[in-house]
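Visitor: My questions will all concern the structure given below.
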Amino acid sequence: MPKIALYHFESCPACQKAKKWIAELREEKPELANVEIEMTDVYKNPDYQAPSSFYYVPTFFVDSRKVLEGEVTKEKVEEILRAGI
């Protein structure tokens, strides 16, 4: 199963949207309910080790490959979750 990682910070509006959509998609689509996502708050964990550099959050990685950085849509979040099936 591919590993999904999300780098975010708590007060980021785009990050809040992404996390909200993750929760909604897990409820709406049973096949996505058990997809695991490792979430790292970059301010609470300043020594984090991301697979590669990034400047904007939210940033998603699938198997250490950056697949999204910055503004996100619910459709893109669903696509990322499906990569974890």
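A note on labels: chains of the structure tokens are A, B, ... as shown, every chain counts residues from 1, and ligands are counted from 1 in their shown order.
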Taking the chain letters and numbering used in this document, name the residues of chain A that DSSP puts in helix (DSSP H, G or I), as a list in words.

Guide: Pro13, Ala14, Cys15, Gln16, Lys17, Ala18, Lys19, Lys20, Trp21, Ile22, Ala23, Glu24, Leu25, Arg26, Glu27, Glu28, Pro30, Glu31, Leu32, Lys74, Glu75, Lys76, Val77, Glu78, Glu79, Ile80, Leu81, Arg82 and Ala83 of chain A

Visitor: Go ahead and save the picked residues with N, CA and C atoms, as a short mmCIF file (atom, residue, chain, number, x, y, z; two decimals), in the first residue's frame.

Guide:
```
data_model
loop_
_atom_site.label_atom_id
_atom_site.label_comp_id
_atom_site.auth_asym_id
_atom_site.auth_seq_id
_atom_site.Cartn_x
_atom_site.Cartn_y
_atom_site.Cartn_z
N PRO A 13 -5.46 28.12 6.36
CA PRO A 13 -6.81 27.87 5.84
C PRO A 13 -6.86 26.75 4.80
N ALA A 14 -5.90 26.69 3.91
CA ALA A 14 -5.90 25.63 2.89
C ALA A 14 -5.68 24.27 3.53
N CYS A 15 -4.87 24.22 4.58
CA CYS A 15 -4.64 22.96 5.30
C CYS A 15 -5.92 22.50 6.00
N GLN A 16 -6.63 23.44 6.58
CA GLN A 16 -7.90 23.11 7.24
C GLN A 16 -8.90 22.54 6.23
N LYS A 17 -8.95 23.14 5.04
CA LYS A 17 -9.82 22.61 3.99
C LYS A 17 -9.42 21.19 3.62
N ALA A 18 -8.14 20.97 3.43
CA ALA A 18 -7.65 19.64 3.04
C ALA A 18 -8.02 18.60 4.09
N LYS A 19 -7.81 18.91 5.37
CA LYS A 19 -8.14 17.96 6.44
C LYS A 19 -9.65 17.73 6.53
N LYS A 20 -10.43 18.79 6.31
CA LYS A 20 -11.89 18.65 6.31
C LYS A 20 -12.33 17.72 5.17
N TRP A 21 -11.75 17.91 3.99
CA TRP A 21 -12.12 17.06 2.86
C TRP A 21 -11.67 15.62 3.06
N ILE A 22 -10.54 15.41 3.71
CA ILE A 22 -10.12 14.05 4.02
C ILE A 22 -11.18 13.37 4.87
N ALA A 23 -11.63 14.05 5.92
CA ALA A 23 -12.66 13.49 6.80
C ALA A 23 -13.97 13.24 6.05
N GLU A 24 -14.39 14.21 5.23
CA GLU A 24 -15.63 14.05 4.45
C GLU A 24 -15.53 12.86 3.49
N LEU A 25 -14.44 12.76 2.79
CA LEU A 25 -14.27 11.68 1.82
C LEU A 25 -14.23 10.32 2.49
N ARG A 26 -13.65 10.24 3.66
CA ARG A 26 -13.63 8.97 4.41
C ARG A 26 -15.04 8.55 4.79
N GLU A 27 -15.91 9.52 5.07
CA GLU A 27 -17.30 9.21 5.42
C GLU A 27 -18.13 8.91 4.18
N GLU A 28 -17.94 9.69 3.12
CA GLU A 28 -18.75 9.55 1.90
C GLU A 28 -18.41 8.31 1.08
N PRO A 30 -16.79 4.68 1.38
CA PRO A 30 -16.29 3.64 2.28
C PRO A 30 -14.93 3.07 1.89
N GLU A 31 -14.63 3.02 0.61
CA GLU A 31 -13.35 2.46 0.17
C GLU A 31 -12.16 3.32 0.58
N LEU A 32 -12.41 4.57 0.99
CA LEU A 32 -11.34 5.48 1.40
C LEU A 32 -11.22 5.58 2.92
N LYS A 74 -11.08 19.45 -3.32
CA LYS A 74 -11.60 18.18 -2.80
C LYS A 74 -11.34 17.05 -3.80
N GLU A 75 -11.43 17.36 -5.07
CA GLU A 75 -11.18 16.35 -6.11
C GLU A 75 -9.74 15.86 -6.05
N LYS A 76 -8.81 16.77 -5.85
CA LYS A 76 -7.40 16.38 -5.77
C LYS A 76 -7.13 15.55 -4.51
N VAL A 77 -7.77 15.93 -3.40
CA VAL A 77 -7.62 15.15 -2.17
C VAL A 77 -8.15 13.73 -2.39
N GLU A 78 -9.27 13.61 -3.07
CA GLU A 78 -9.80 12.27 -3.36
C GLU A 78 -8.82 11.47 -4.21
N GLU A 79 -8.25 12.10 -5.19
CA GLU A 79 -7.27 11.43 -6.06
C GLU A 79 -6.07 10.93 -5.22
N ILE A 80 -5.62 11.76 -4.29
CA ILE A 80 -4.49 11.38 -3.44
C ILE A 80 -4.89 10.21 -2.53
N LEU A 81 -6.08 10.27 -1.94
CA LEU A 81 -6.55 9.17 -1.09
C LEU A 81 -6.66 7.88 -1.89
N ARG A 82 -7.14 7.96 -3.11
CA ARG A 82 -7.27 6.76 -3.94
C ARG A 82 -5.91 6.15 -4.25
N ALA A 83 -4.89 6.97 -4.27
CA ALA A 83 -3.53 6.45 -4.50
C ALA A 83 -3.10 5.56 -3.34
#
```

Visitor: Near Val57 (chain A), counting only C-alpha atoms, which residues have an atom at most 8 Å away, once you skip same-chain residues fewer than 4 positions from it, shown as a ChimeraX atom specification?

Guide: /A:7-9,12,14-15,69-71

Visitor: Export C-alpha atoms of the chosen residues as a tab-separated table (two decimals), in the first residue's frame?

Guide:
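part25.tsv, written as the output of this step:
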```tsv
chain	number	residue	atom	x	y	z
A	7	TYR	CA	2.70	18.38	5.77
A	8	HIS	CA	0.58	21.23	7.14
A	9	PHE	CA	0.23	23.74	9.94
A	12	CYS	CA	-3.37	27.47	7.51
A	14	ALA	CA	-5.90	25.63	2.89
A	15	CYS	CA	-4.64	22.96	5.30
A	69	GLU	CA	1.90	21.67	-2.89
A	70	GLY	CA	-0.25	24.63	-1.94
A	71	GLU	CA	-3.91	25.26	-2.71
```

Visitor: Which one of A:Ile85, A:Val62, A:Leu6, A:Met1 sits closest to Val42 (chain A) if you count only C-alpha atoms?

Guide: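 The shortest atom-to-atom distance to Val42 (chain A) comes from A:Leu6.
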
Visitor: If DSSP is run on the backbone, what residues of region 10-85 of chain A are strand (DSSP E)? A reply as a ChimeraX atom specification would be ideal.

Guide: /A:37-41,59-62,65-69

Visitor: Which residue is closest to Ile4 (chain A)? Choose from A:Met39, A:Ser52, A:Phe61, A:Leu68 and count only C-alpha atoms.

Guide: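 Closest to Ile4 (chain A), using only C-alpha atoms: A:Phe61.
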
Visitor: Find the distance between CA of Lys29 (chain A) and CA of Ala50 (chain A) and write it in Å to one decimal.

Guide: 28.6 Å

Visitor: Neighbouring residues of Ser53 (chain A) were defined as those with any atom within 10 Å, considering only C-alpha atoms; residues of the same chain fewer than 4 positions away were excluded. Please report them as a VMD selection string.

Guide: chain A and resid 49 59 66
